Each structure stands twice: as C-alpha cells, then as structure tokens.
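Working notes, structure below.
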Amino acid sequence: MNHSTQSEIIAEGDSSSGKRYLLPFILVVSLFFLWGMAHNLDSILIPHLKKACNLNNRQSTLIDTSVFFAYFLMAIPAGMILKKWGYKATMIAGLLAFAFGAFLFVPAANNLSYITFLIALFIIGCGLTMLETSANPYAAILGDPAKATSRLNLAASFNGLAAMVAPLIGGLFILSGKSHTQAELAAMTEVTRNNYFLEEAASVKTPYITLGIVLLIIAAIFYFIHLPEIKTKSIDGEAKGSFFGSLRHKHLRWAVIAQFFYVGAQVCVTSFFIRMAQQGGGFDEKTAATYLVIYGFLFTAGRFAGTALLQFISSNKLLAIYAVISILLCLTAILGQGSYVVYALGAIGFFMSIMFPTIFALGIDGIGDDTKPGSSWLIMSIVGGAILPFGMGSLIDAYGDDIQIGYSIPLVCFLFVLYFALKGYKIAYK
C-alpha cells in the first residue's frame, strides 16, 4: 500500500527511472547481502565464542547486544550524517567502519579477549547502522513509489541469501565440532585448556579478514561509481523533515514498535538455533550448523516468495498472515519434542523473512520529507535485537538451560507484529 500523492521523488539531473536506477540498485543490493553476512555470522559466533571464552547463555548474548545497541546509539548520528552527506557518502562511511570492526577480530582472537570481540562487534554495528539508515530508504525510493515495498523486499531477498551463505561459511571455517563439558575442561591442565580456547578463537580470523578486504573493495567501487542522490519533496514544497517531528505520523510510531519486536524475535530465533538443534533435536554442532543453513535457505526463499506474493496481496495482509503462522510455529517449538522443534524453527525463517522490509516500507509510506528521520527511528528500533535476546538468555539460564522455554519471547514479539499488520500500519490523514 503506497500513497504516492503524499510526496514526489526527485533525482538529480534525471527525471526518469528505469535503466538509470539499475546499477545503483544493484550496488545497494550488495549492501543488503553484506550486512546480512554480518548478522548471520553472529548466529555462529554465539555458540562458538560461548565455547572459546567459556560463557553462559546470558554472557553469550552480549554478542547481539554489542551489535544492536550500536544501532540504538548510532541511529540519530547516522540520520544526521545521511542528511548532511547524502546517501553515497554515508554508505561508504558505513562500509569502512564495518571493515575496521572485522579486522579487529584478529587481535581479539590472538589475545582471547571477549571484550575486544564485543568492541569489534559494536564498531561493526555502527557501520551497519549507517548502511541500513541509508540503503533501506534508498532502495525504497529508487524508482516508482507504487513499487517501493516490492523493491525493498527484492533487495532484502539478498539479505536473506546471506542467511544461507553465512552459516555455511561459519560451519566450514569457524565451528570445529569439538566441545567439552565443564567437568572435562576442569580435568584438563591449564596449558591444554588455554590452547583449546585459543584454537577455537583463532578460527574466526580468516573469515573476518576476508570479509574486511571485500568491504574495502566494495567501498572503493562506491567511491568511483556515480549514484543519483535521491531527494524527497512534499507536494506543497515545504521542507518538514525533522527527527522528533517525524513521529507525528501514527503509522511510523507503530512501525518503530513493530520493528523493535520483530528484530528482537529474529535475533532470538537465530541466536539460539544451534543450541536448540543440539538440545531439542539431539544433533551435534556441525549437523546443527547444517540445519541453520537450511533455515537460511528457507529465509531466503521466503523473501523471494514474499516479493512475488506482494504482486497479488497487499503488504499488510501478507504481513498479518505470516505473523499468525509464526506465532503457531513458536508454540510448536515451545511445546514440541525432537526434530519437529527444529523443523518449526526452520519454517519460522520462511514466514518472518518479509517482516523487516515490509514493516520498514509501510512505516515510511507517504511521510515525504520525514523519510530520512523516519528511517533513523526504524533503524534505532533495531535495538530490540540487543535487549530481547539478553532477556531470552536470562530466561533460559533461569529455567536450568531450557532453550525451548526461551522461545516464548519471540512468540510475544510476533503478536506485536500482528497488531501492526492489522491496525498500526494505517495512515491517519489530517
């Protein structure tokens, strides 16, 4: 549902879309894939660093907290940077910060320093904030306003592709398949134990060095390629964009709330997927990682399928249908037994795949010059990924390491998404 009468899109030096927007759109799509890699590698890092740094569930979720709290702190600065520098420069800055954080994994692993890992992840989160604050609205408004939701879902499909690629890479190059109980660790000599921890931590270096190099190459391409600077202008010609003023749009406020809970749900589901596959499905670490790849495939398939379905079903209706199914699948994960629990989690990946881009597009729909500050609010709401997984980890620890009870948190999150899809998305015209 789009209301193109509310604003018009202006491209510098060009009044047409089509071919002129094709290359910029392809480049922006690459960013969706790259930050998808960062987030989905976190799903590997959580169980991996839990071993390497000998952490409990709550401590391991600080990986998510570091990344997503950066979104909260950087959302306003990122919006200011976007407003002052424009889309292209903001994207390049985000890529450079992302790369710097990736390279910090080397000293973190060498010194077996969990704090350094968290600092590196926080810096990566700052870079991702700048990328998402600029790339999400850029993809949405880069062309026909009537196709903004479909365009954003198409771009986000490549973010979903990373949900399949990242676990595959992580399973091959990061996870060792070795694990020891606390009793076995206590029985080791101090030298043997430390060598085991260092060996586990060292496996992250090559993947993150490679990622950092790729990011620098992409940043260089963005620097040398011309991107049209897209501007929004209200039909009355007045500039009304402001950070707090953008919240006068009721549907944007509800989108921020829905996005907070959706991101929290997604991070909860993925962060504990491997642990759930081990505990609920009885799989070993490597097999669990394989199921995480399947989960990523279903997430990706859901993005492409959702993009196709949006040609026939309004975005809010599809969002509502997917939210209801996700709620039922969460109940299956909580109450079920054996491998069916893992199958339910995989299916959740399919049905929650369209939620972020759909909520985002509905939230900025028809807000004109408030698009950039509105995007900052929606990116800020990603802090749900910092808060809710920490709560889930605490709940799991409180119930004696029962992973299944923790999935009651994403269940509640999907209830908020359902409300937004049914009522909160509606634009209130004055």
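Simple scheme: letters A, B, ... for chains in structure tokens order, numbers from 1 for residues in each chain, numbers from 1 for ligands in the order shown.
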Report as a list in words all protein, DNA and RNA residues lying within 8 Å of Leu31 (chain A), evaluated on only C-alpha atoms, omitting residues in the same chain fewer than 4 positions from it.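 Listing them by chain and then by number gives Leu27, Trp35, Leu131 and Ala135 of chain A.
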Selection from above, N, CA, C and O atoms, as an mmCIF file, in the first residue's frame, can you write it?
```cif
data_model
loop_
_atom_site.group_PDB
_atom_site.id
_atom_site.type_symbol
_atom_site.label_atom_id
_atom_site.label_comp_id
_atom_site.auth_asym_id
_atom_site.auth_seq_id
_atom_site.Cartn_x
_atom_site.Cartn_y
_atom_site.Cartn_z
ATOM 1 N N LEU A 27 24.125 -2.096 -6.814
ATOM 2 C CA LEU A 27 25.140 -1.810 -5.793
ATOM 3 C C LEU A 27 24.538 -1.793 -4.396
ATOM 4 O O LEU A 27 25.132 -2.310 -3.440
ATOM 5 N N TRP A 35 25.499 -6.827 4.958
ATOM 6 C CA TRP A 35 25.121 -6.738 6.371
ATOM 7 C C TRP A 35 24.345 -7.992 6.805
ATOM 8 O O TRP A 35 24.335 -8.333 7.974
ATOM 9 N N LEU A 131 24.871 1.936 7.090
ATOM 10 C CA LEU A 131 24.463 1.271 5.851
ATOM 11 C C LEU A 131 22.945 1.126 5.770
ATOM 12 O O LEU A 131 22.325 1.435 4.751
ATOM 13 N N ALA A 135 20.720 2.727 3.036
ATOM 14 C CA ALA A 135 20.369 1.804 1.953
ATOM 15 C C ALA A 135 18.895 1.415 1.941
ATOM 16 O O ALA A 135 18.315 1.237 0.870
#
```
Within 12 Å of region 245-264 of chain A, which residues of region 5-80 of chain A come that close, and what is the closest atom pair and distance in Å for each? Count only C-alpha atoms and give it as CSV.
```
residue,atom,partner,partner_atom,distance
A:His39,CA,A:Val263,CA,11.2
A:Thr61,CA,A:Gly264,CA,11.9
A:Asp64,CA,A:Gly264,CA,9.8
A:Thr65,CA,A:Gly264,CA,10.6
A:Phe68,CA,A:Val263,CA,9.4
A:Phe69,CA,A:Gly264,CA,11.7
A:Tyr71,CA,A:Phe260,CA,11.3
A:Phe72,CA,A:Phe260,CA,10.6
```
Identify, on the basis of only C-alpha atoms, every residue whose closest approach to Phe222 (chain A) does not exceed 8 Å; exclude the query and any residue fewer than 4 positions from it along the same chain; express the result as a PyMOL selection string. chain A and resi 27+88+92+218+226
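With only C-alpha atoms as the atoms that count, the residue of A:Gly296, A:Gly374, A:Gly281, A:Gly336 with the shortest distance to Met37 (chain A) is A:Gly296.
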Excluding same-chain residues fewer than 6 positions from Gly406 (chain A), what lies within 8 Å of it counting only C-alpha atoms, as a ChimeraX atom specification? /A:334,392-393,395-396
Could you please take those selected residues and save all heavy atoms as a CSV table (one decimal), in the first residue's frame?
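Below you can see selection27.csv, which holds the result:
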```csv
chain,number,residue,atom,x,y,z
A,334,ILE,N,8.0,-24.5,21.3
A,334,ILE,CA,8.0,-24.5,22.8
A,334,ILE,C,7.4,-25.8,23.3
A,334,ILE,O,8.0,-26.3,24.3
A,334,ILE,CB,7.1,-23.3,23.3
A,334,ILE,CG1,7.8,-21.9,22.9
A,334,ILE,CG2,7.0,-23.4,24.8
A,334,ILE,CD1,6.9,-20.8,23.1
A,392,MET,N,16.1,-13.3,26.7
A,392,MET,CA,15.9,-14.8,26.4
A,392,MET,C,17.0,-15.6,27.0
A,392,MET,O,16.7,-16.7,27.6
A,392,MET,CB,15.8,-15.0,24.9
A,392,MET,CG,15.5,-16.4,24.4
A,392,MET,SD,15.3,-16.5,22.6
A,392,MET,CE,15.1,-18.3,22.4
A,393,GLY,N,18.2,-15.2,26.9
A,393,GLY,CA,19.3,-15.9,27.5
A,393,GLY,C,19.1,-16.0,29.1
A,393,GLY,O,19.4,-17.0,29.7
A,395,LEU,N,16.3,-15.9,30.7
A,395,LEU,CA,15.2,-16.8,30.9
A,395,LEU,C,15.6,-18.2,30.8
A,395,LEU,O,15.2,-19.1,31.6
A,395,LEU,CB,14.0,-16.5,29.9
A,395,LEU,CG,12.7,-17.3,30.1
A,395,LEU,CD1,12.1,-17.0,31.4
A,395,LEU,CD2,11.8,-17.0,28.9
A,396,ILE,N,16.4,-18.5,29.8
A,396,ILE,CA,16.9,-19.9,29.6
A,396,ILE,C,17.8,-20.3,30.8
A,396,ILE,O,17.6,-21.4,31.3
A,396,ILE,CB,17.7,-20.0,28.3
A,396,ILE,CG1,16.8,-19.8,27.1
A,396,ILE,CG2,18.5,-21.3,28.2
A,396,ILE,CD1,17.5,-19.6,25.8
```
Excluding same-chain residues fewer than 5 positions from region 186-195 of chain A, what lies within 10 Å of it counting only C-alpha atoms, as a PDB file with N, CA and C atoms, in the first residue's frame?
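What ended up in result-v1.pdb:
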```pdb
ATOM      1  N   ALA A  52      34.698 -20.887  23.188  1.00  0.00           N
ATOM      2  CA  ALA A  52      36.055 -20.357  23.208  1.00  0.00           C
ATOM      3  C   ALA A  52      36.342 -19.497  24.430  1.00  0.00           C
ATOM      4  N   CYS A  53      35.321 -18.758  24.876  1.00  0.00           N
ATOM      5  CA  CYS A  53      35.507 -17.855  26.017  1.00  0.00           C
ATOM      6  C   CYS A  53      34.821 -18.370  27.282  1.00  0.00           C
ATOM      7  N   LEU A 112      42.540 -13.772  22.981  1.00  0.00           N
ATOM      8  CA  LEU A 112      41.382 -14.448  23.590  1.00  0.00           C
ATOM      9  C   LEU A 112      40.615 -13.468  24.485  1.00  0.00           C
ATOM     10  N   HIS A 180      33.487 -29.558  24.923  1.00  0.00           N
ATOM     11  CA  HIS A 180      33.820 -30.230  26.182  1.00  0.00           C
ATOM     12  C   HIS A 180      32.874 -29.743  27.268  1.00  0.00           C
ATOM     13  N   THR A 181      32.526 -30.646  28.157  1.00  0.00           N
ATOM     14  CA  THR A 181      31.706 -30.267  29.308  1.00  0.00           C
ATOM     15  C   THR A 181      32.574 -29.504  30.296  1.00  0.00           C
ATOM     16  N   GLU A 200      40.094 -22.511  19.297  1.00  0.00           N
ATOM     17  CA  GLU A 200      38.709 -22.220  18.932  1.00  0.00           C
ATOM     18  C   GLU A 200      38.566 -20.758  18.474  1.00  0.00           C
ATOM     19  N   ALA A 201      39.168 -19.841  19.226  1.00  0.00           N
ATOM     20  CA  ALA A 201      39.055 -18.417  18.907  1.00  0.00           C
ATOM     21  C   ALA A 201      39.740 -18.079  17.587  1.00  0.00           C
TER      22      ALA A 201
END
```
When distances are computed from only C-alpha atoms, which of A:Ile364, A:Ile63, A:Met130, A:Ile119 shows the smallest separation from Phe105 (chain A)?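 Using only C-alpha atoms, Phe105 (chain A) sits closest to A:Ile119.
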In Å, rounded to a single decimal, give me how far CA of Met74 (chain A) is from CA of Ile26 (chain A). 25.7 Å
Among region 114-336 of chain A, which ones does DSSP assign to helix (DSSP H, G or I) (computed from the backbone)? Answer as a ChimeraX atom specification. /A:114-141,145-173,182-187,190-202,205-224,245-248,250-271,273-279,285-309,315-335
For a quick check of understanding, using only C-alpha atoms, which of A:Ala120, A:Ala93, A:Gly424, A:Ala99 has the smallest distance to Thr210 (chain A)?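 Of A:Ala120, A:Ala93, A:Gly424, A:Ala99, the one nearest Thr210 (chain A), counting only C-alpha atoms, is A:Ala99.
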Compare A:Ala162, A:Leu23, A:Leu309, A:Ala102 by their minimum atom-to-atom distance to Ile123 (chain A), counting only C-alpha atoms, and give me the closest one.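 Smallest separation from Ile123 (chain A) among the options: A:Ala102.
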From the options A:Gly143, A:Gly368, A:Gly400, A:Pro47, which residue's atoms come nearest to Leu175 (chain A), counting only C-alpha atoms?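 Distance minimum relative to Leu175 (chain A) lands on A:Pro47.
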Within 12 Å of region 352-355 of chain A, which residues of region 143-241 of chain A show up? Give each one with its shortest atom-to-atom distance in Å (one decimal) and the two atoms involved, counting only C-alpha atoms, rows by chain then rising residue number, as CSV.
```
residue,atom,partner,partner_atom,distance
A:Thr149,CA,A:Ile354,CA,10.0
A:Ser150,CA,A:Ile354,CA,10.1
A:Arg151,CA,A:Ile354,CA,11.9
A:Leu152,CA,A:Ile354,CA,9.7
A:Asn153,CA,A:Ile354,CA,6.6
A:Leu154,CA,A:Ile354,CA,9.7
A:Ala155,CA,A:Ile354,CA,11.0
A:Ala156,CA,A:Ile354,CA,8.1
A:Ser157,CA,A:Ser353,CA,8.3
A:Phe158,CA,A:Ser353,CA,11.1
A:Asn159,CA,A:Ser353,CA,9.7
A:Gly160,CA,A:Ser353,CA,7.2
A:Leu161,CA,A:Ser353,CA,10.6
A:Ala163,CA,A:Ser353,CA,10.1
```
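Between Ser179 (chain A) and the residues A:Asn57, A:Lys50, A:Ile213, A:Met380, the shortest atom-to-atom distance, using only C-alpha atoms, involves A:Lys50.
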Run DSSP on the backbone and tell me which residues of region 5-103 of chain A come out as strand (DSSP E or B); list them as a PyMOL selection string. chain A and resi 7-11+14
